[in-house]
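Participant: What follows is the file upload-v7.cif, containing mmCIF, C-alpha atoms:
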```cif
data_work
#
loop_
_atom_site.group_PDB
_atom_site.id
_atom_site.type_symbol
_atom_site.label_atom_id
_atom_site.label_comp_id
_atom_site.auth_asym_id
_atom_site.auth_seq_id
_atom_site.Cartn_x
_atom_site.Cartn_y
_atom_site.Cartn_z
ATOM 1 C CA MET A 1 -28.991 35.655 29.968
ATOM 2 C CA LYS A 2 -30.966 32.977 28.126
ATOM 3 C CA LYS A 3 -29.970 34.589 24.816
ATOM 4 C CA GLN A 4 -26.232 34.452 25.693
ATOM 5 C CA PHE A 5 -26.569 30.825 26.794
ATOM 6 C CA PHE A 6 -28.363 29.934 23.539
ATOM 7 C CA ILE A 7 -25.678 31.692 21.454
ATOM 8 C CA SER A 8 -22.954 29.862 23.412
ATOM 9 C CA VAL A 9 -24.625 26.497 22.802
ATOM 10 C CA ILE A 10 -24.949 27.232 19.056
ATOM 11 C CA ALA A 11 -21.265 28.276 18.917
ATOM 12 C CA VAL A 12 -20.186 25.026 20.608
ATOM 13 C CA ILE A 13 -22.297 22.969 18.176
ATOM 14 C CA ILE A 14 -20.836 24.778 15.123
ATOM 15 C CA PHE A 15 -17.301 24.351 16.479
ATOM 16 C CA SER A 16 -17.943 20.637 17.094
ATOM 17 C CA ILE A 17 -19.241 20.127 13.562
ATOM 18 C CA GLN A 18 -16.265 21.963 12.048
ATOM 19 C CA PHE A 19 -13.843 19.980 14.242
ATOM 20 C CA SER A 20 -15.500 16.730 13.141
ATOM 21 C CA PHE A 21 -15.083 17.635 9.448
ATOM 22 C CA ALA A 22 -11.473 18.670 10.066
ATOM 23 C CA GLN A 23 -10.766 15.265 11.623
ATOM 24 C CA SER A 24 -12.306 13.535 8.604
ATOM 25 C CA ASP A 25 -10.166 15.590 6.231
ATOM 26 C CA ASP A 26 -7.071 14.861 8.291
ATOM 27 C CA CYS A 27 -7.789 11.144 8.452
ATOM 28 C CA LEU A 28 -7.040 10.638 4.751
ATOM 29 C CA SER A 29 -4.770 13.608 4.087
ATOM 30 C CA LYS A 30 -1.626 11.444 3.873
ATOM 31 C CA LEU A 31 -3.310 9.247 1.260
ATOM 32 C CA SER A 32 -4.595 12.041 -0.986
ATOM 33 C CA TRP A 33 -1.630 11.510 -3.342
ATOM 34 C CA LEU A 34 -3.466 8.426 -4.651
ATOM 35 C CA SER A 35 -6.091 10.578 -6.398
ATOM 36 C CA GLY A 36 -5.794 10.142 -10.140
ATOM 37 C CA THR A 37 -5.315 7.414 -12.711
ATOM 38 C CA TRP A 38 -2.560 4.844 -12.292
ATOM 39 C CA LYS A 39 -1.547 2.289 -14.936
ATOM 40 C CA MET A 40 0.598 -0.814 -14.971
ATOM 41 C CA GLN A 41 1.598 -2.428 -18.256
ATOM 42 C CA ASP A 42 1.554 -6.218 -18.170
ATOM 43 C CA LYS A 43 2.658 -8.543 -20.979
ATOM 44 C CA GLU A 44 -0.627 -8.501 -22.872
ATOM 45 C CA SER A 45 -2.750 -6.008 -20.973
ATOM 46 C CA THR A 46 -2.884 -2.813 -18.950
ATOM 47 C CA ILE A 47 -4.134 -2.741 -15.362
ATOM 48 C CA VAL A 48 -5.702 0.578 -14.341
ATOM 49 C CA GLU A 49 -6.631 1.967 -10.911
ATOM 50 C CA GLU A 50 -8.676 5.175 -10.891
ATOM 51 C CA TRP A 51 -8.815 6.857 -7.474
ATOM 52 C CA THR A 52 -11.231 9.742 -6.884
ATOM 53 C CA ASN A 53 -12.010 11.862 -3.832
ATOM 54 C CA SER A 54 -15.491 11.192 -2.553
ATOM 55 C CA GLY A 55 -16.248 13.938 -0.085
ATOM 56 C CA THR A 56 -14.021 14.589 2.882
ATOM 57 C CA SER A 57 -13.687 11.127 4.313
ATOM 58 C CA SER A 58 -13.172 8.631 1.494
ATOM 59 C CA LEU A 59 -11.303 7.809 -1.688
ATOM 60 C CA LYS A 60 -12.969 5.517 -4.215
ATOM 61 C CA CYS A 61 -11.177 3.201 -6.619
ATOM 62 C CA LYS A 62 -12.245 1.257 -9.627
ATOM 63 C CA SER A 63 -9.763 -1.178 -11.049
ATOM 64 C CA TYR A 64 -9.955 -2.739 -14.475
ATOM 65 C CA GLU A 65 -7.902 -4.542 -17.091
ATOM 66 C CA VAL A 66 -7.664 -3.414 -20.720
ATOM 67 C CA LYS A 67 -6.711 -6.157 -23.160
ATOM 68 C CA GLY A 68 -6.967 -5.158 -26.805
ATOM 69 C CA THR A 69 -10.459 -3.731 -27.203
ATOM 70 C CA GLU A 70 -11.883 -5.496 -24.135
ATOM 71 C CA THR A 71 -12.159 -3.939 -20.693
ATOM 72 C CA THR A 72 -12.813 -6.151 -17.674
ATOM 73 C CA MET A 73 -13.693 -4.801 -14.240
ATOM 74 C CA LEU A 74 -11.425 -6.281 -11.588
ATOM 75 C CA GLU A 75 -12.562 -4.683 -8.342
ATOM 76 C CA ASN A 76 -13.876 -1.657 -6.557
ATOM 77 C CA ALA A 77 -12.330 -0.350 -3.369
ATOM 78 C CA THR A 78 -12.476 2.561 -0.963
ATOM 79 C CA MET A 79 -10.209 4.110 1.595
ATOM 80 C CA SER A 80 -12.311 5.729 4.257
ATOM 81 C CA CYS A 81 -12.295 6.911 7.852
ATOM 82 C CA ILE A 82 -14.267 4.670 10.173
ATOM 83 C CA GLY A 83 -14.107 5.475 13.863
ATOM 84 C CA GLY A 84 -11.054 7.672 13.285
ATOM 85 C CA LYS A 85 -9.147 4.848 11.565
ATOM 86 C CA GLN A 86 -8.148 4.538 7.933
ATOM 87 C CA VAL A 87 -9.798 1.500 6.358
ATOM 88 C CA PHE A 88 -9.210 -0.036 2.921
ATOM 89 C CA THR A 89 -12.352 -1.875 1.783
ATOM 90 C CA TYR A 90 -12.284 -4.304 -1.132
ATOM 91 C CA TYR A 91 -15.585 -4.834 -2.982
ATOM 92 C CA PRO A 92 -15.445 -7.962 -5.157
ATOM 93 C CA ILE A 93 -17.034 -7.869 -8.590
ATOM 94 C CA LEU A 94 -19.810 -10.490 -8.431
ATOM 95 C CA LYS A 95 -19.610 -12.448 -11.670
ATOM 96 C CA GLU A 96 -22.389 -15.015 -11.435
ATOM 97 C CA VAL A 97 -25.678 -15.751 -9.709
ATOM 98 C CA GLY A 98 -25.027 -17.148 -6.245
ATOM 99 C CA ASP A 99 -21.675 -15.369 -5.886
ATOM 100 C CA ASN A 100 -22.115 -14.136 -2.333
ATOM 101 C CA ARG A 101 -18.664 -12.720 -1.615
ATOM 102 C CA GLN A 102 -18.871 -9.758 0.732
ATOM 103 C CA PRO A 103 -16.758 -6.578 1.023
ATOM 104 C CA VAL A 104 -13.585 -7.057 3.094
ATOM 105 C CA ASN A 105 -12.104 -4.393 5.397
ATOM 106 C CA PHE A 106 -8.386 -3.948 6.012
ATOM 107 C CA VAL A 107 -7.392 -1.513 8.791
ATOM 108 C CA LEU A 108 -4.287 0.684 8.546
ATOM 109 C CA VAL A 109 -1.719 -0.824 10.929
ATOM 110 C CA SER A 110 1.354 1.159 9.918
ATOM 111 C CA GLN A 111 2.429 4.152 7.905
ATOM 112 C CA ASP A 112 6.093 4.904 7.524
ATOM 113 C CA ASN A 113 8.204 6.403 4.719
ATOM 114 C CA ASN A 114 5.144 6.844 2.465
ATOM 115 C CA THR A 115 4.236 3.163 2.900
ATOM 116 C CA PHE A 116 0.714 2.390 4.112
ATOM 117 C CA VAL A 117 0.002 -1.145 5.369
ATOM 118 C CA PHE A 118 -3.623 -2.253 5.749
ATOM 119 C CA GLU A 119 -4.261 -5.582 7.459
ATOM 120 C CA ASN A 120 -6.993 -8.131 8.069
ATOM 121 C CA LYS A 121 -5.447 -11.259 9.630
ATOM 122 C CA ALA A 122 -8.759 -13.133 9.450
ATOM 123 C CA HIS A 123 -9.034 -12.893 5.639
ATOM 124 C CA ASP A 124 -8.013 -15.916 3.545
ATOM 125 C CA PHE A 125 -5.809 -14.067 1.018
ATOM 126 C CA PRO A 126 -4.489 -11.479 1.112
ATOM 127 C CA GLN A 127 -4.072 -10.525 4.753
ATOM 128 C CA ARG A 128 -2.262 -7.273 3.879
ATOM 129 C CA VAL A 129 -2.791 -4.581 1.242
ATOM 130 C CA VAL A 130 0.086 -2.130 0.889
ATOM 131 C CA TYR A 131 0.419 1.155 -1.019
ATOM 132 C CA GLN A 132 3.804 2.844 -1.252
ATOM 133 C CA LYS A 133 4.342 6.260 -2.787
ATOM 134 C CA VAL A 134 7.662 5.926 -4.619
ATOM 135 C CA ASN A 135 7.460 9.496 -5.982
ATOM 136 C CA GLU A 136 4.822 11.806 -7.501
ATOM 137 C CA ASN A 137 4.431 9.572 -10.569
ATOM 138 C CA GLU A 138 5.127 6.070 -9.255
ATOM 139 C CA CYS A 139 3.238 3.839 -6.849
ATOM 140 C CA HIS A 140 4.279 0.371 -5.735
ATOM 141 C CA ALA A 141 1.337 -1.573 -4.357
ATOM 142 C CA TRP A 142 1.190 -5.191 -3.287
ATOM 143 C CA ILE A 143 -0.968 -7.753 -1.604
ATOM 144 C CA GLU A 144 0.558 -10.410 0.596
ATOM 145 C CA GLY A 145 -0.148 -13.077 3.122
ATOM 146 C CA GLU A 146 -0.403 -16.772 3.652
ATOM 147 C CA GLU A 147 -2.110 -18.777 0.947
ATOM 148 C CA ASN A 148 -2.361 -22.576 1.056
ATOM 149 C CA GLY A 149 0.225 -22.695 3.844
ATOM 150 C CA LYS A 150 2.811 -20.582 1.967
ATOM 151 C CA MET A 151 3.626 -16.882 2.003
ATOM 152 C CA ASN A 152 2.604 -15.184 -1.234
ATOM 153 C CA LYS A 153 3.080 -11.656 -2.549
ATOM 154 C CA VAL A 154 1.697 -10.049 -5.703
ATOM 155 C CA ASP A 155 3.289 -6.759 -6.831
ATOM 156 C CA PHE A 156 1.705 -3.900 -8.776
ATOM 157 C CA ASN A 157 4.019 -1.158 -10.082
ATOM 158 C CA TYR A 158 1.908 1.762 -11.255
ATOM 159 C CA THR A 159 2.739 4.943 -13.139
ATOM 160 C CA LYS A 160 0.478 7.972 -12.756
ATOM 161 C CA VAL A 161 -1.066 9.149 -16.010
ATOM 162 C CA LYS A 162 -3.537 11.799 -14.714
#
```
Any chance you could put this one into structure tokens?

Facilitator:
Amino acid sequence: MKKQFFISVIAVIIFSIQFSFAQSDDCLSKLSWLSGTWKMQDKESTIVEEWTNSGTSSLKCKSYEVKGTETTMLENATMSCIGGKQVFTYYPILKEVGDNRQPVNFVLVSQDNNTFVFENKAHDFPQRVVYQKVNENECHAWIEGEENGKMNKVDFNYTKVK
């Protein structure tokens, strides 16, 4: 009897672990299309976002600008599952001693028609980060919100290269 009880307990634990991993996988499944390298040509430079899968519950991004032979890091970001919610986290590149900017979280507030809106109303600018899958090879992303008392929006139109 004790042996059957012990086997039952082990089975429940294994099932719970597998269910937990399945939830993590599912949490970001609708955003997996972001994996790869995305580029946007600007007048004098190219902006690049490289998204990679990092385990089952996060996507990591490094963003940089290529201008001639110079490459400048712009930001790092992740999309991860925290408490069952999708969260976009921006990690600023600290450029000087005393720069104490901290990572900023934006929580997914809506997803409709391949458009994913992450929001943090308490942040100065932006308050929203949006990624929209136009098709397999195009992504329209933007940041928006109030800045100095006026609404502002900055668009990024990316093409997938890898």

Participant: How many Å lie between CA of Gly36 (chain A) and CA of Leu108 (chain A), rounded to one decimal?

Facilitator: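 It comes out at 21.0 Å.
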
Participant: If the PyMOL selection byres ((chain A and resi 147-159) around 9) were run on this exact file, what residues would it hold? Put them as a PyMOL selection string.

Facilitator: chain A and resi 37-41+47-49+124-126+137-146+160-161

Participant: Distance CA of Val66 (chain A)-CA of Asp42 (chain A), one decimal place?

Facilitator: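 CA of Asp42 (chain A) lies at a distance of 10.0 Å from CA of Val66 (chain A).
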
Participant: To one decimal in Å, tell me the separation between CA of Lys133 (chain A) and CA of Trp33 (chain A).

Facilitator: 8.0 Å

Participant: Which residues of region 126-150 of chain A come within 12 Å of region 92-105 of chain A, and what is each one's closest atom pair and distance in Å (one decimal), counting all atoms listed in the file, sorted by chain and residue number, as a tab-separated table?

Facilitator:
```
residue	atom	partner	partner_atom	distance
A:Pro126	CA	A:Val104	CA	10.3
A:Gln127	CA	A:Asn105	CA	10.1
A:Arg128	CA	A:Asn105	CA	10.4
A:Val129	CA	A:Asn105	CA	10.2
```

Participant: Name the residues that the PyMOL selection byres ((chain A and resi 75-89) around 7) pulls out of this structure, and write them as a short mmCIF file (atom, residue, chain, number, x, y, z; two decimals) with C-alpha atoms, keeping the file's coordinate frame.

Facilitator:
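result-v1.cif was written with the following content:
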```cif
data_model
loop_
_atom_site.label_atom_id
_atom_site.label_comp_id
_atom_site.auth_asym_id
_atom_site.auth_seq_id
_atom_site.Cartn_x
_atom_site.Cartn_y
_atom_site.Cartn_z
CA SER A 24 -12.31 13.54 8.60
CA CYS A 27 -7.79 11.14 8.45
CA LEU A 28 -7.04 10.64 4.75
CA SER A 57 -13.69 11.13 4.31
CA SER A 58 -13.17 8.63 1.49
CA LEU A 59 -11.30 7.81 -1.69
CA LYS A 60 -12.97 5.52 -4.22
CA CYS A 61 -11.18 3.20 -6.62
CA LYS A 62 -12.24 1.26 -9.63
CA SER A 63 -9.76 -1.18 -11.05
CA TYR A 64 -9.96 -2.74 -14.48
CA MET A 73 -13.69 -4.80 -14.24
CA LEU A 74 -11.42 -6.28 -11.59
CA TYR A 90 -12.28 -4.30 -1.13
CA TYR A 91 -15.58 -4.83 -2.98
CA PRO A 92 -15.44 -7.96 -5.16
CA ILE A 93 -17.03 -7.87 -8.59
CA PRO A 103 -16.76 -6.58 1.02
CA VAL A 104 -13.58 -7.06 3.09
CA ASN A 105 -12.10 -4.39 5.40
CA PHE A 106 -8.39 -3.95 6.01
CA VAL A 107 -7.39 -1.51 8.79
CA LEU A 108 -4.29 0.68 8.55
CA PHE A 118 -3.62 -2.25 5.75
#
```

Participant: Box for region 64-79 of chain A - axis-aligned, 6 Å on each of the six sides, all listed atoms - centre and size in Å to one decimal, as JSON.

Facilitator:
```
{"center_x": -10.3, "center_y": -1.1, "center_z": -12.8, "size_x": 19.2, "size_y": 22.4, "size_z": 40.8}
```

Participant: Written as a ChimeraX atom specification, what is the full residue list that the PyMOL selection byres ((chain A and resi 110-115) around 7) yields on the file shown?

Facilitator: /A:108-109,116-117,131-133
